[in-house]
Every structure is written in C-alpha cells, then in structure tokens.
file target16.cif (mmCIF, C-alpha atoms)
data_entry
#
loop_
_atom_site.group_PDB
_atom_site.id
_atom_site.type_symbol
_atom_site.label_atom_id
_atom_site.label_comp_id
_atom_site.auth_asym_id
_atom_site.auth_seq_id
_atom_site.Cartn_x
_atom_site.Cartn_y
_atom_site.Cartn_z
ATOM 1 C CA MET Y 109 118.895 56.680 155.636
ATOM 2 C CA ALA Y 110 115.097 56.844 155.715
ATOM 3 C CA ALA Y 111 115.139 60.616 156.278
ATOM 4 C CA TYR Y 112 116.908 61.130 152.959
ATOM 5 C CA ARG Y 113 114.474 58.843 151.175
ATOM 6 C CA TYR Y 114 111.638 61.007 152.445
ATOM 7 C CA CYS Y 115 113.362 64.127 151.090
ATOM 8 C CA GLU Y 116 113.970 62.423 147.748
ATOM 9 C CA ALA Y 117 110.276 61.558 147.522
ATOM 10 C CA VAL Y 118 109.315 65.176 148.232
ATOM 11 C CA THR Y 119 111.733 66.378 145.547
ATOM 12 C CA ALA Y 120 110.564 63.884 142.915
ATOM 13 C CA LEU Y 121 106.906 64.699 143.567
ATOM 14 C CA GLN Y 122 107.044 68.467 143.868
ATOM 15 C CA ALA Y 123 110.131 69.692 142.000
ATOM 16 C CA ARG Y 124 110.403 68.095 138.607
ATOM 17 C CA ASN Y 125 112.704 70.741 137.129
ATOM 18 C CA PHE Y 126 115.007 70.505 140.144
ATOM 19 C CA SER Y 127 114.937 66.718 140.218
ATOM 20 C CA TYR Y 128 116.042 66.486 136.584
ATOM 21 C CA GLY Y 129 119.224 68.325 137.535
ATOM 22 C CA ILE Y 130 120.164 66.587 140.762
ATOM 23 C CA ARG Y 131 119.851 63.139 139.175
ATOM 24 C CA LEU Y 132 123.221 63.938 137.593
ATOM 25 C CA LEU Y 133 125.003 64.192 140.964
ATOM 26 C CA PRO Y 134 126.780 61.400 142.840
ATOM 27 C CA GLU Y 135 124.636 59.941 145.614
ATOM 28 C CA PRO Y 136 126.021 61.892 148.626
ATOM 29 C CA LYS Y 137 125.491 65.221 146.871
ATOM 30 C CA ARG Y 138 122.154 64.169 145.424
ATOM 31 C CA LEU Y 139 120.856 63.239 148.869
ATOM 32 C CA ALA Y 140 122.118 66.484 150.383
ATOM 33 C CA MET Y 141 120.440 68.495 147.624
ATOM 34 C CA SER Y 142 117.188 66.639 148.261
ATOM 35 C CA ALA Y 143 117.385 67.672 151.915
ATOM 36 C CA LEU Y 144 118.009 71.296 150.896
ATOM 37 C CA TYR Y 145 115.041 71.220 148.563
ATOM 38 C CA ALA Y 146 112.719 69.581 151.093
ATOM 39 C CA LEU Y 147 113.256 72.328 153.669
ATOM 40 C CA ALA Y 148 113.048 75.058 151.026
ATOM 41 C CA ARG Y 149 109.767 73.543 149.874
ATOM 42 C CA ARG Y 150 108.448 73.539 153.425
ATOM 43 C CA VAL Y 151 109.243 77.240 153.727
ATOM 44 C CA ASP Y 152 107.551 77.981 150.391
ATOM 45 C CA ASP Y 153 104.493 75.934 151.332
ATOM 46 C CA ILE Y 154 104.126 77.906 154.546
ATOM 47 C CA GLY Y 155 104.096 81.126 152.562
ATOM 48 C CA ASP Y 156 101.709 79.861 149.877
ATOM 49 C CA GLY Y 157 99.377 77.935 152.188
ATOM 50 C CA GLU Y 158 95.919 78.792 153.485
ATOM 51 C CA LEU Y 159 96.854 79.481 157.108
ATOM 52 C CA PRO Y 160 96.221 82.945 158.589
ATOM 53 C CA THR Y 161 99.226 85.242 158.404
ATOM 54 C CA GLU Y 162 99.858 85.015 162.157
ATOM 55 C CA GLU Y 163 100.104 81.219 162.000
ATOM 56 C CA LYS Y 164 102.400 81.404 158.983
ATOM 57 C CA THR Y 165 104.658 83.761 160.910
ATOM 58 C CA ARG Y 166 104.799 81.320 163.826
ATOM 59 C CA ALA Y 167 105.537 78.422 161.459
ATOM 60 C CA LEU Y 168 108.434 80.371 159.932
ATOM 61 C CA ALA Y 169 109.733 81.095 163.433
ATOM 62 C CA ARG Y 170 109.669 77.357 164.171
ATOM 63 C CA THR Y 171 111.718 76.801 161.018
ATOM 64 C CA ARG Y 172 114.298 79.263 162.319
ATOM 65 C CA ASP Y 173 114.376 77.246 165.546
ATOM 66 C CA LEU Y 174 114.971 74.101 163.477
ATOM 67 C CA LEU Y 175 117.963 75.764 161.811
ATOM 68 C CA ASP Y 176 119.360 76.710 165.223
ATOM 69 C CA GLU Y 177 119.071 73.082 166.331
ATOM 70 C CA ILE Y 178 121.086 72.010 163.293
ATOM 71 C CA ARG Y 179 123.722 74.705 163.819
ATOM 72 C CA GLU Y 180 124.107 73.724 167.452
ATOM 73 C CA GLY Y 181 124.330 69.993 166.727
ATOM 74 C CA ARG Y 182 121.212 69.146 168.729
ATOM 75 C CA VAL Y 183 119.491 66.953 166.137
ATOM 76 C CA THR Y 184 119.482 63.199 166.786
ATOM 77 C CA GLU Y 185 118.759 60.475 164.248
ATOM 78 C CA ASP Y 186 115.605 59.436 166.094
ATOM 79 C CA ASP Y 187 114.052 62.900 165.705
ATOM 80 C CA THR Y 188 110.554 62.630 164.243
ATOM 81 C CA ASP Y 189 111.154 65.280 161.553
ATOM 82 C CA PRO Y 190 112.875 63.543 158.603
ATOM 83 C CA ILE Y 191 113.754 66.818 156.869
ATOM 84 C CA LYS Y 192 115.549 68.068 159.972
ATOM 85 C CA VAL Y 193 117.432 64.780 160.348
ATOM 86 C CA ALA Y 194 118.486 64.683 156.683
ATOM 87 C CA LEU Y 195 119.574 68.321 156.599
ATOM 88 C CA ALA Y 196 121.517 67.977 159.849
ATOM 89 C CA HIS Y 197 123.388 65.003 158.380
ATOM 90 C CA ALA Y 198 124.030 66.892 155.125
ATOM 91 C CA ALA Y 199 125.329 69.916 157.059
ATOM 92 C CA ARG Y 200 127.823 67.680 158.878
ATOM 93 C CA ARG Y 201 128.998 66.223 155.580
ATOM 94 C CA PHE Y 202 129.176 69.445 153.537
ATOM 95 C CA PRO Y 203 129.941 73.117 154.396
ATOM 96 C CA ILE Y 204 126.387 74.286 153.730
ATOM 97 C CA PRO Y 205 125.864 78.008 154.518
ATOM 98 C CA LEU Y 206 122.642 77.562 156.472
ATOM 99 C CA ASP Y 207 122.061 81.306 156.695
ATOM 100 C CA GLY Y 208 120.764 80.955 153.140
ATOM 101 C CA PHE Y 209 117.622 79.471 154.672
ATOM 102 C CA ASP Y 210 117.287 82.516 156.913
ATOM 103 C CA GLU Y 211 117.311 84.658 153.768
ATOM 104 C CA LEU Y 212 114.720 82.407 152.142
ATOM 105 C CA ILE Y 213 112.486 82.880 155.167
ATOM 106 C CA GLU Y 214 112.980 86.654 154.913
ATOM 107 C CA GLY Y 215 111.830 86.479 151.294
ATOM 108 C CA VAL Y 216 108.665 84.615 152.285
ATOM 109 C CA GLU Y 217 108.059 87.201 154.987
ATOM 110 C CA MET Y 218 108.231 89.887 152.289
ATOM 111 C CA ASP Y 219 105.366 88.098 150.544
ATOM 112 C CA LEU Y 220 103.384 87.896 153.785
ATOM 113 C CA ARG Y 221 103.794 91.657 154.222
ATOM 114 C CA GLY Y 222 102.613 92.211 150.662
ATOM 115 C CA ALA Y 223 105.885 93.882 149.738
ATOM 116 C CA GLU Y 224 105.889 95.858 146.511
ATOM 117 C CA TYR Y 225 108.931 96.556 144.370
ATOM 118 C CA LYS Y 226 109.201 100.093 143.063
ATOM 119 C CA THR Y 227 112.530 99.602 141.311
ATOM 120 C CA PHE Y 228 114.546 96.752 139.872
ATOM 121 C CA GLU Y 229 117.046 97.159 142.699
ATOM 122 C CA ASP Y 230 114.196 96.502 145.153
ATOM 123 C CA LEU Y 231 113.225 93.360 143.253
ATOM 124 C CA LYS Y 232 116.829 92.132 143.226
ATOM 125 C CA VAL Y 233 116.794 92.053 147.045
ATOM 126 C CA TYR Y 234 113.740 89.769 146.960
ATOM 127 C CA CYS Y 235 115.299 87.563 144.251
ATOM 128 C CA ARG Y 236 118.489 87.218 146.281
ATOM 129 C CA CYS Y 237 116.415 85.985 149.220
ATOM 130 C CA VAL Y 238 114.183 83.489 147.434
ATOM 131 C CA ALA Y 239 116.490 82.294 144.627
ATOM 132 C CA GLY Y 240 120.078 83.395 145.164
ATOM 133 C CA SER Y 241 119.940 81.845 148.620
ATOM 134 C CA ILE Y 242 119.237 78.433 147.093
ATOM 135 C CA GLY Y 243 122.178 78.836 144.745
ATOM 136 C CA ARG Y 244 124.544 79.630 147.604
ATOM 137 C CA LEU Y 245 123.190 76.737 149.669
ATOM 138 C CA SER Y 246 123.803 74.475 146.681
ATOM 139 C CA LEU Y 247 127.391 75.684 146.347
ATOM 140 C CA GLY Y 248 128.004 74.347 149.837
ATOM 141 C CA VAL Y 249 127.168 70.895 148.495
ATOM 142 C CA TYR Y 250 128.831 71.242 145.103
ATOM 143 C CA GLY Y 251 132.067 72.831 146.228
ATOM 144 C CA CYS Y 252 133.526 75.775 144.299
ATOM 145 C CA THR Y 253 137.024 76.829 143.292
ATOM 146 C CA ASP Y 254 136.373 80.491 144.231
ATOM 147 C CA TRP Y 255 133.636 80.889 146.839
ATOM 148 C CA GLU Y 256 133.345 84.690 146.741
ATOM 149 C CA ARG Y 257 133.010 84.959 142.970
ATOM 150 C CA GLY Y 258 130.979 81.763 142.804
ATOM 151 C CA ALA Y 259 128.456 83.061 145.335
ATOM 152 C CA ALA Y 260 128.075 86.274 143.330
ATOM 153 C CA TYR Y 261 127.446 84.296 140.141
ATOM 154 C CA ALA Y 262 124.975 82.068 142.012
ATOM 155 C CA ASP Y 263 123.026 85.165 143.043
ATOM 156 C CA THR Y 264 122.960 86.385 139.437
ATOM 157 C CA LEU Y 265 121.869 82.995 138.142
ATOM 158 C CA GLY Y 266 119.184 82.943 140.838
ATOM 159 C CA LEU Y 267 118.021 86.342 139.582
ATOM 160 C CA ALA Y 268 117.717 84.932 136.054
ATOM 161 C CA LEU Y 269 115.695 81.944 137.274
ATOM 162 C CA GLN Y 270 113.415 84.074 139.434
ATOM 163 C CA LEU Y 271 112.761 86.612 136.660
ATOM 164 C CA THR Y 272 111.785 83.687 134.433
ATOM 165 C CA ASN Y 273 109.453 82.429 137.175
ATOM 166 C CA ILE Y 274 107.917 85.881 137.552
ATOM 167 C CA LEU Y 275 107.199 86.113 133.818
ATOM 168 C CA ARG Y 276 105.851 82.563 133.665
ATOM 169 C CA ASP Y 277 103.531 83.106 136.651
ATOM 170 C CA LEU Y 278 102.451 86.637 135.739
ATOM 171 C CA ARG Y 279 98.733 85.942 135.545
ATOM 172 C CA GLU Y 280 98.619 83.361 138.346
ATOM 173 C CA ASP Y 281 100.312 85.812 140.694
ATOM 174 C CA ALA Y 282 97.998 88.621 139.594
ATOM 175 C CA MET Y 283 94.961 86.459 140.378
ATOM 176 C CA ASN Y 284 96.406 86.062 143.885
ATOM 177 C CA GLY Y 285 96.862 89.810 144.243
ATOM 178 C CA ARG Y 286 100.622 89.783 143.647
ATOM 179 C CA ILE Y 287 102.683 91.714 141.118
ATOM 180 C CA TYR Y 288 106.424 91.215 141.298
ATOM 181 C CA LEU Y 289 107.597 93.265 138.338
ATOM 182 C CA PRO Y 290 108.966 96.668 139.364
ATOM 183 C CA ALA Y 291 106.396 99.476 139.464
ATOM 184 C CA GLU Y 292 108.742 101.670 137.420
ATOM 185 C CA ASP Y 293 108.652 99.103 134.585
ATOM 186 C CA LEU Y 294 104.867 98.723 134.721
ATOM 187 C CA GLU Y 295 104.493 102.490 134.452
ATOM 188 C CA ARG Y 296 107.013 102.733 131.630
ATOM 189 C CA PHE Y 297 105.054 100.236 129.517
ATOM 190 C CA GLY Y 298 101.554 101.287 130.609
ATOM 191 C CA CYS Y 299 100.789 98.036 132.453
ATOM 192 C CA GLN Y 300 99.817 99.454 135.851
ATOM 193 C CA GLU Y 301 96.387 97.778 135.648
ATOM 194 C CA GLY Y 302 97.976 94.392 136.119
ATOM 195 C CA PHE Y 303 97.533 91.034 134.449
ATOM 196 C CA ALA Y 304 94.368 89.449 135.825
ATOM 197 C CA LEU Y 305 92.825 89.261 132.335
ATOM 198 C CA SER Y 306 93.668 86.746 129.617
ATOM 199 C CA ALA Y 307 94.614 89.585 127.260
ATOM 200 C CA PRO Y 308 97.036 92.502 127.707
ATOM 201 C CA PRO Y 309 95.639 95.623 129.400
ATOM 202 C CA LEU Y 310 94.041 98.018 126.910
ATOM 203 C CA GLY Y 311 96.593 100.464 125.535
ATOM 204 C CA ALA Y 312 99.509 98.757 127.280
ATOM 205 C CA ASP Y 313 102.753 97.813 125.566
ATOM 206 C CA PHE Y 314 102.686 94.326 127.025
ATOM 207 C CA LEU Y 315 104.966 92.897 124.356
ATOM 208 C CA GLY Y 316 107.501 95.616 125.083
ATOM 209 C CA LEU Y 317 107.354 94.905 128.820
ATOM 210 C CA VAL Y 318 107.947 91.162 128.392
ATOM 211 C CA ALA Y 319 110.745 91.769 125.880
ATOM 212 C CA PHE Y 320 112.405 94.185 128.302
ATOM 213 C CA GLU Y 321 112.207 91.788 131.270
ATOM 214 C CA ALA Y 322 113.196 88.775 129.154
ATOM 215 C CA ASP Y 323 116.282 90.621 127.923
ATOM 216 C CA ARG Y 324 117.146 91.469 131.527
ATOM 217 C CA ALA Y 325 116.794 87.783 132.462
ATOM 218 C CA GLN Y 326 118.884 86.719 129.449
ATOM 219 C CA ARG Y 327 121.742 88.994 130.503
ATOM 220 C CA ALA Y 328 121.535 87.569 134.022
ATOM 221 C CA PHE Y 329 121.746 84.028 132.601
ATOM 222 C CA GLU Y 330 124.832 84.938 130.599
ATOM 223 C CA GLU Y 331 126.533 86.411 133.650
ATOM 224 C CA GLY Y 332 125.406 83.761 136.126
ATOM 225 C CA LEU Y 333 126.493 80.847 133.957
ATOM 226 C CA ARG Y 334 130.075 81.974 134.445
ATOM 227 C CA LEU Y 335 129.741 79.899 137.586
ATOM 228 C CA LEU Y 336 129.965 76.650 135.606
ATOM 229 C CA PRO Y 337 133.758 76.455 135.144
ATOM 230 C CA MET Y 338 134.155 76.811 138.926
ATOM 231 C CA LEU Y 339 132.312 73.523 139.572
ATOM 232 C CA ASP Y 340 133.311 69.880 139.177
ATOM 233 C CA ARG Y 341 131.924 68.037 136.166
ATOM 234 C CA ARG Y 342 128.851 66.503 137.808
ATOM 235 C CA SER Y 343 127.928 69.654 139.728
ATOM 236 C CA ARG Y 344 128.436 71.669 136.548
ATOM 237 C CA ALA Y 345 126.121 69.297 134.682
ATOM 238 C CA CYS Y 346 123.492 69.590 137.403
ATOM 239 C CA THR Y 347 123.576 73.382 137.354
ATOM 240 C CA ALA Y 348 123.601 73.526 133.549
ATOM 241 C CA ALA Y 349 120.585 71.212 133.406
ATOM 242 C CA MET Y 350 118.468 73.217 135.858
ATOM 243 C CA ALA Y 351 119.467 76.544 134.322
ATOM 244 C CA GLY Y 352 118.951 75.152 130.831
ATOM 245 C CA ILE Y 353 115.346 74.179 131.543
ATOM 246 C CA TYR Y 354 114.509 77.670 132.764
ATOM 247 C CA HIS Y 355 116.465 79.257 129.914
ATOM 248 C CA ARG Y 356 114.340 77.353 127.420
ATOM 249 C CA LEU Y 357 111.204 78.500 129.235
ATOM 250 C CA LEU Y 358 112.428 82.056 128.929
ATOM 251 C CA GLY Y 359 112.955 81.576 125.197
ATOM 252 C CA ARG Y 360 109.382 80.353 124.757
ATOM 253 C CA ILE Y 361 107.995 83.282 126.713
ATOM 254 C CA ALA Y 362 110.062 85.764 124.702
ATOM 255 C CA ALA Y 363 108.820 84.186 121.446
ATOM 256 C CA ASP Y 364 105.152 84.311 122.501
ATOM 257 C CA PRO Y 365 104.689 86.838 125.344
ATOM 258 C CA GLU Y 366 100.902 86.542 125.518
ATOM 259 C CA SER Y 367 101.233 82.814 126.296
ATOM 260 C CA VAL Y 368 101.808 83.722 129.969
ATOM 261 C CA LEU Y 369 98.305 85.232 130.071
ATOM 262 C CA ARG Y 370 96.734 82.037 128.704
ATOM 263 C CA GLY Y 371 98.289 79.543 131.120
ATOM 264 C CA ARG Y 372 101.530 78.283 132.591
ATOM 265 C CA VAL Y 373 104.298 77.810 130.033
ATOM 266 C CA SER Y 374 106.158 74.538 130.550
ATOM 267 C CA LEU Y 375 108.445 72.065 128.808
ATOM 268 C CA PRO Y 376 107.513 68.432 128.085
ATOM 269 C CA GLY Y 377 109.360 65.735 129.983
ATOM 270 C CA TRP Y 378 111.362 64.590 126.969
ATOM 271 C CA GLU Y 379 112.755 68.086 126.472
ATOM 272 C CA LYS Y 380 113.760 68.394 130.121
ATOM 273 C CA ALA Y 381 115.532 65.039 129.849
ATOM 274 C CA TYR Y 382 117.321 66.230 126.716
ATOM 275 C CA VAL Y 383 118.509 69.382 128.505
ATOM 276 C CA ALA Y 384 119.733 67.295 131.442
ATOM 277 C CA LEU Y 385 121.705 64.954 129.154
ATOM 278 C CA SER Y 386 123.117 67.928 127.291
ATOM 279 C CA GLY Y 387 124.377 69.318 130.596
ATOM 280 C CA LEU Y 388 126.054 66.025 131.417
ATOM 281 C CA ALA Y 389 127.706 66.056 127.975
ATOM 282 C CA GLY Y 390 129.136 69.490 128.692
ATOM 283 C CA GLY Y 391 126.620 71.670 126.865
ATOM 284 C CA ARG Y 392 124.871 74.713 128.302
ATOM 285 C CA SER Y 393 121.552 74.040 126.542
#
call {"tool": "encode", "arguments": {"input": "target16.cif", "output": "structure tokens"}}
result
Amino acid sequence: MAAYRYCEAVTALQARNFSYGIRLLPEPKRLAMSALYALARRVDDIGDGELPTEEKTRALARTRDLLDEIREGRVTEDDTDPIKVALAHAARRFPIPLDGFDELIEGVEMDLRGAEYKTFEDLKVYCRCVAGSIGRLSLGVYGCTDWERGAAYADTLGLALQLTNILRDLREDAMNGRIYLPAEDLERFGCQEGFALSAPPLGADFLGLVAFEADRAQRAFEEGLRLLPMLDRRSRACTAAMAGIYHRLLGRIAADPESVLRGRVSLPGWEKAYVALSGLAGGRS
C-alpha cells in the first residue's frame, strides 16, 4: 500500500534510532509501526515548528479530528492523507489504543504552554504523555501476554528513554528556552541558572546533577525492561534494540556529563546496527 510506503520513508528519514528497531519486525507489524511513528512525528513537528502558537493549537485540534475519523471508521483508501490511511488500516489490523495519541498531543500542548516541572512527579506526567504513550501504542501492535503490567512497564521504559533524551538535549533545549529537569533537582545541585553556556554554571554541581538523573534513568531502564519477556521474539528484539541504543547513550552521558554541553551525544551507525543484532540474538545490549 502506497500509504505505508510513505510512512516508511518518513521513518527512515527522520527516526534512525526507531527505524533500527522496527527493521526486526515482520512486515505487517513493521508497517503498522511506521504508521504510528509517522503520526507521532507529525504531532512533534507541529509542536517544534515555527508556526504561531494559535496555529499550532489548531493543527493539533485537526489531528484530534483525524483520530476521531479513524475511530469511527470514516477513512477511505482514496483519502489524500497517506498517514491517516496507513494508520486507519493498521488500527483495523491491530488493537492499537489510539488514545495514546491524545496523550501525546496533551504532552505537546504542555510544551506550548511553557509548562515547568517543579517535582519529579510532575515530570513523570509529561514523560507518560510524550514517551509512555508511544510504548503503549506499540504494545497494540506487538501484542502482550499481560496488558496491564505490560502497559505499566512500557510507561517506565518510556520514562527511561525520555530522561535520556532530556539529558542529551540539555543545552539545545536551554537555547530554546526550555528546561525539563525538575526545579527541585536544579535547586538541589545549584543549577538554577540553566544550561545555555558550553560549561557548567559557576558554582554548580553539574556532575552531581547528571549522575543523579542518569541513575534515575538507569533504574527506570531496569524496571521497564521487564516488559521484554511479555513480548514475542521479534517484538522483544525490536524493543531491546531501541532501548539498547538509548541505554548506550545514557552510559556515554554518565561517563562524560559535560559532553551534553558541547553538542549532541550520538552513536555511530555501526554501533546501532550491533545493538539491533544483539537484540535479535536475545541480548539486552
């Protein structure tokens, strides 16, 4: 189906970490995951784009309308929006919990409002919306032996991934006027001035802050990866590959905290491929 091919192209071009994982899935699941990613990317692009806030809000509302069309079975194959067509087909094939997209939209709306996170519990709500939601959507494609426990582990794994993202993008977000780490943690480590400079704030315990948040992310990885035995072999490999890439990023950040102030930490392609193959072989990377 051409709509799926469009979604696969979007995924390959804009989500290299994600695409390394879903290559391990059988074709029906891989196509469905591409459709999930393509709509999630659209939502993210609305939030990160250059449009005025009012237009972004209207665009998010149109995405909610799109989800209603899919829920109500009103999408035809000749619709001009390939992402809508592909996702509608995927939702007929798999029990995808589409309300996960509603949560993702809520997370983007938090960004548009300039939400701040005073405590870690506040931040966990945001992480559930922008990352846990994707995990639960994915479970609808993968299948799971225990949905309730699996969804909880998916939320925790999403928290681990999002904390890793937050640490990786610390300076980039600060340059855009965003700080996602909890205010209580910034105060505890003397980092209230933020991270817009290429060196830690004067007098701040930046290394202590990163170590604290990295340990928190590590514990979330350990808990969230309990999801793996609940998945079939290929879905388990896919999840292990994607989580493994981010887990390795976290390890690099923990080993050299100031690297996040110098530029974006990333893995070379060969290492991502190695992690993906390790997942397929049954490892957790």
call {"tool": "resolve_selection", "arguments": {"input": "target16.cif", "expression": "the PyMOL selection byres ((chain Y and resi 114) around 9)", "output": "VMD selection string"}}
result
chain Y and resid 110 to 113 115 to 119 142 to 143 146 190 to 191 194
call {"tool": "residues_near_point", "arguments": {"input": "target16.cif", "point": "(122.4, 68.3, 153.9)", "cutoff": "9 Å", "atoms": "all atoms listed in the file", "output": "PyMOL selection string"}}
result
chain Y and resi 137+139-144+193-204+249
call {"tool": "closest_residue", "arguments": {"input": "target16.cif", "among": "Y:Thr264, Y:Ser246, Y:Ser241, Y:Thr272", "to": "Y:Tyr354", "atoms": "only C-alpha atoms"}}
result
Y:Thr272
call {"tool": "axis_aligned_box", "arguments": {"input": "target16.cif", "around": "stretch 155-162 of chain Y", "padding_each_side": "4 Å", "output": "AutoDock Vina command-line options"}}
result
--center_x 100.0 --center_y 81.6 --center_z 156.0 --size_x 16.2 --size_y 15.3 --size_z 20.3
call {"tool": "residues_near_point", "arguments": {"input": "target16.cif", "point": "(106.6, 91.3, 152.7)", "cutoff": "12 Å", "atoms": "all atoms listed in the file", "output": "PyMOL selection string"}}
result
chain Y and resi 155+161+165+213-225+230-231+233-234+237+286+288
call {"tool": "atom_distance", "arguments": {"input": "target16.cif", "atom1": "atom CA of Y:Asp340", "atom2": "atom CA of Y:Tyr261"}}
result
15.6 Å
call {"tool": "closest_residue", "arguments": {"input": "target16.cif", "among": "Y:Leu333, Y:Leu305, Y:Cys299, Y:Leu212", "to": "Y:Ala262", "atoms": "only C-alpha atoms"}}
result
Y:Leu333
call {"tool": "residues_around", "arguments": {"input": "target16.cif", "residues": "Y:Ala169", "least_positions_apart": "5", "cutoff": "12 Å", "atoms": "all atoms listed in the file", "output": "list in words"}}
result
Val151, Ile154, Glu162, Glu163, Lys164, Leu174, Leu175, Asp176, Phe209, Asp210, Ile213, Glu214, Val216 and Glu217 of chain Y
call {"tool": "atom_distance", "arguments": {"input": "target16.cif", "atom1": "atom CA of Y:Gly352", "atom2": "atom CA of Y:Val383"}}
result
6.2 Å
call {"tool": "closest_residue", "arguments": {"input": "target16.cif", "among": "Y:Ala363, Y:Leu265, Y:Leu271, Y:Leu369", "to": "Y:Phe303", "atoms": "all atoms listed in the file"}}
result
Y:Leu369
call {"tool": "resolve_selection", "arguments": {"input": "target16.cif", "expression": "the PyMOL selection byres ((chain Y and resi 318) around 12)", "output": "number ranges by chain"}}
result
Y: 271-272, 274-276, 278, 289, 293-294, 297, 299, 308, 312-317, 319-326, 358-369
call {"tool": "closest_residue", "arguments": {"input": "target16.cif", "among": "Y:Gly129, Y:Glu292, Y:Arg150, Y:Ala123", "to": "Y:Lys380", "atoms": "all atoms listed in the file"}}
result
Y:Gly129
call {"tool": "atom_distance", "arguments": {"input": "target16.cif", "atom1": "atom CA of Y:Lys226", "atom2": "atom CA of Y:Ala239"}}
result
19.3 Å
call {"tool": "resolve_selection", "arguments": {"input": "target16.cif", "expression": "the PyMOL selection byres ((chain Y and resi 346) around 6)", "output": "JSON, numbers by chain"}}
result
{"Y": [129, 130, 132, 343, 344, 345, 347, 348, 349]}
call {"tool": "closest_residue", "arguments": {"input": "target16.cif", "among": "Y:Pro309, Y:Gly258, Y:Gly266, Y:Pro160", "to": "Y:Gly243", "atoms": "only C-alpha atoms"}}
result
Y:Gly266
call {"tool": "closest_residue", "arguments": {"input": "target16.cif", "among": "Y:Gln122, Y:Leu245, Y:Glu177, Y:Gln300", "to": "Y:Asp153", "atoms": "only C-alpha atoms"}}
result
Y:Gln122
call {"tool": "residues_around", "arguments": {"input": "target16.cif", "residues": "Y:Arg131", "least_positions_apart": "4", "cutoff": "9 Å", "atoms": "all atoms listed in the file", "output": "VMD selection string"}}
result
chain Y and resid 126 to 127 135 138 346 384
